[in-house]
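Written out below as structure tokens is the structure these notes cover.
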Amino acid sequence: MRIGELSRRTGVPVPTIKYYVREGLLPPGELSSPNQASYGDGHERRLRLIRALLEVGGLSVAAIGDVLVAIDDKERPVHKLLGAAAQRLVPEYGDGGGDDAEAVLARERVTRLIEARGWRIQPGNKAAGALAAALASLTRVGHGSFAELLDDYADAAERVARVDLEYTARRADREGLVEAVVVGTVVGDAVFAALRRMAQVDASSRLFAEERQEQEEGAVHPGRGLR
């Protein structure tokens with residue numbers, strides 16, 4: 001197909017496609033004449049992946065380039081390929097929230113959690129740093145006891161992670177795997193957050209139903225609680 005057809009199929013403007021080619025994100029088309037190039041299904045698939053990484057994953061052009069290099073490195077194991085994509089989706093929190101006592105304690109707590117659960121996580125993992133930063137912030141605002149819930153959260157995270165990877169494993173090709181990780185992680189986070197809010201509403205309704213009923217009965221019979 002010509003570049004105009006590629007643009008129509010993907011919704012990416014022609015100048016943007018040419019920019020991706022210049023930046024090395026998209027292979028150049030096959031020259032059919034000095035001023036004409038032909039593009040195939042592979043170009044379309046790669047272009048859709050670039051859009052997913054950019055628009056869904058929020059990655060920079062440089063980061064997208066790193067992920068695409070990992071995809072094209074056929075010697076790189078799938079686990080490391082997916083890790084390269086997933087790591088780009090985690091916000092950068094440096095070493096985990098600072099050097100004060102709260103940050104040091106939070107990092108120690110995260111290290112103990114990883115060791116206790118036997119998670120295969122490399123030192124310097126960005127998600128571990130993000131968790132430490134969150135725990136340190138909770139401590140600073142007076143909610144350090146929230147860390148007592150970490151094991152329950154970790155149990156839920158393990159179940160969700162298994163579901164995520166089962167979905168990802170449905171894709172046979174490397175580009176499809178990365179696309180599933182990006183879309184599944186970013187959009188999956190939004191889906192899980194929405195489900196969590198809905199479950200919180202239901203749990204709150206059930207947990208405080210008796211208290212609410214007693215309050216309502218007390219309003220109707222003000223003296224009942226005094227007998």
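Ligands are numbered from 1 in the order shown, chains are lettered A, B, ... in the order of the structure tokens, and residues start at 1 in each chain.
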Need the shell around Ile50 in chain A: protein/DNA/RNA residues with any atom at most 9 Å away, counting only C-alpha atoms. Skip same-chain ones fewer than 6 positions apart. Format as a list of chain:residue names?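 Listed by chain and then number, they are A:Tyr20, A:Leu25, A:Leu26, A:Val61, A:Ile64, A:Leu68.
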Can I get the selected residues back with all heavy atoms, as a PDB file, in the first residue's frame?
ATOM      1  N   TYR A  20       8.108   9.035  12.232  1.00  0.00           N
ATOM      2  CA  TYR A  20       8.451   7.755  12.850  1.00  0.00           C
ATOM      3  C   TYR A  20       9.518   7.026  12.056  1.00  0.00           C
ATOM      4  O   TYR A  20      10.402   6.368  12.626  1.00  0.00           O
ATOM      5  CB  TYR A  20       7.209   6.874  12.981  1.00  0.00           C
ATOM      6  CG  TYR A  20       6.172   7.362  13.963  1.00  0.00           C
ATOM      7  CD1 TYR A  20       4.831   7.005  13.828  1.00  0.00           C
ATOM      8  CD2 TYR A  20       6.534   8.164  15.036  1.00  0.00           C
ATOM      9  CE1 TYR A  20       3.882   7.442  14.735  1.00  0.00           C
ATOM     10  CE2 TYR A  20       5.596   8.615  15.940  1.00  0.00           C
ATOM     11  CZ  TYR A  20       4.256   8.251  15.789  1.00  0.00           C
ATOM     12  OH  TYR A  20       3.310   8.676  16.684  1.00  0.00           O
ATOM     13  N   LEU A  25      11.589   4.368  14.340  1.00  0.00           N
ATOM     14  CA  LEU A  25      10.536   3.581  14.984  1.00  0.00           C
ATOM     15  C   LEU A  25       9.820   2.695  13.973  1.00  0.00           C
ATOM     16  O   LEU A  25       9.356   1.597  14.327  1.00  0.00           O
ATOM     17  CB  LEU A  25       9.514   4.504  15.663  1.00  0.00           C
ATOM     18  CG  LEU A  25      10.049   5.481  16.712  1.00  0.00           C
ATOM     19  CD1 LEU A  25       8.893   6.243  17.346  1.00  0.00           C
ATOM     20  CD2 LEU A  25      10.851   4.756  17.780  1.00  0.00           C
ATOM     21  N   LEU A  26       9.720   3.166  12.753  1.00  0.00           N
ATOM     22  CA  LEU A  26       9.015   2.443  11.697  1.00  0.00           C
ATOM     23  C   LEU A  26       9.983   2.203  10.542  1.00  0.00           C
ATOM     24  O   LEU A  26      10.631   3.140  10.081  1.00  0.00           O
ATOM     25  CB  LEU A  26       7.815   3.274  11.217  1.00  0.00           C
ATOM     26  CG  LEU A  26       6.856   2.600  10.236  1.00  0.00           C
ATOM     27  CD1 LEU A  26       6.076   1.493  10.942  1.00  0.00           C
ATOM     28  CD2 LEU A  26       5.897   3.631   9.640  1.00  0.00           C
ATOM     29  N   VAL A  61       8.925   9.095  22.809  1.00  0.00           N
ATOM     30  CA  VAL A  61       9.450   8.513  21.571  1.00  0.00           C
ATOM     31  C   VAL A  61      10.708   7.712  21.862  1.00  0.00           C
ATOM     32  O   VAL A  61      10.907   6.614  21.318  1.00  0.00           O
ATOM     33  CB  VAL A  61       9.729   9.618  20.533  1.00  0.00           C
ATOM     34  CG1 VAL A  61      10.495   9.053  19.338  1.00  0.00           C
ATOM     35  CG2 VAL A  61       8.417  10.247  20.069  1.00  0.00           C
ATOM     36  N   ILE A  64       9.732   4.446  23.502  1.00  0.00           N
ATOM     37  CA  ILE A  64       9.144   3.556  22.492  1.00  0.00           C
ATOM     38  C   ILE A  64      10.257   2.909  21.677  1.00  0.00           C
ATOM     39  O   ILE A  64      10.211   1.704  21.376  1.00  0.00           O
ATOM     40  CB  ILE A  64       8.187   4.336  21.576  1.00  0.00           C
ATOM     41  CG1 ILE A  64       6.948   4.782  22.362  1.00  0.00           C
ATOM     42  CG2 ILE A  64       7.765   3.479  20.382  1.00  0.00           C
ATOM     43  CD1 ILE A  64       6.026   5.694  21.590  1.00  0.00           C
ATOM     44  N   LEU A  68      10.869  -1.107  21.143  1.00  0.00           N
ATOM     45  CA  LEU A  68      10.896  -1.703  19.812  1.00  0.00           C
ATOM     46  C   LEU A  68      12.216  -2.421  19.552  1.00  0.00           C
ATOM     47  O   LEU A  68      12.250  -3.457  18.880  1.00  0.00           O
ATOM     48  CB  LEU A  68      10.657  -0.624  18.753  1.00  0.00           C
ATOM     49  CG  LEU A  68       9.274   0.053  18.805  1.00  0.00           C
ATOM     50  CD1 LEU A  68       9.162   1.106  17.720  1.00  0.00           C
ATOM     51  CD2 LEU A  68       8.155  -0.972  18.678  1.00  0.00           C
TER      52      LEU A  68
END
Fewer than 2 positions away in the same chain doesn't count, so skip those; otherwise give me all residues within 12 Å of Leu81 in chain A, counting only C-alpha atoms, as a PyMOL selection string. chain A and resi 66-79+83-88+173-179+181
Counting only C-alpha atoms, figure out which residue out of A:Gly42, A:Leu207, A:Ala106, A:Lys80 gets nearest to Gln122 in chain A.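 Distance minimum relative to Gln122 in chain A lands on A:Lys80.
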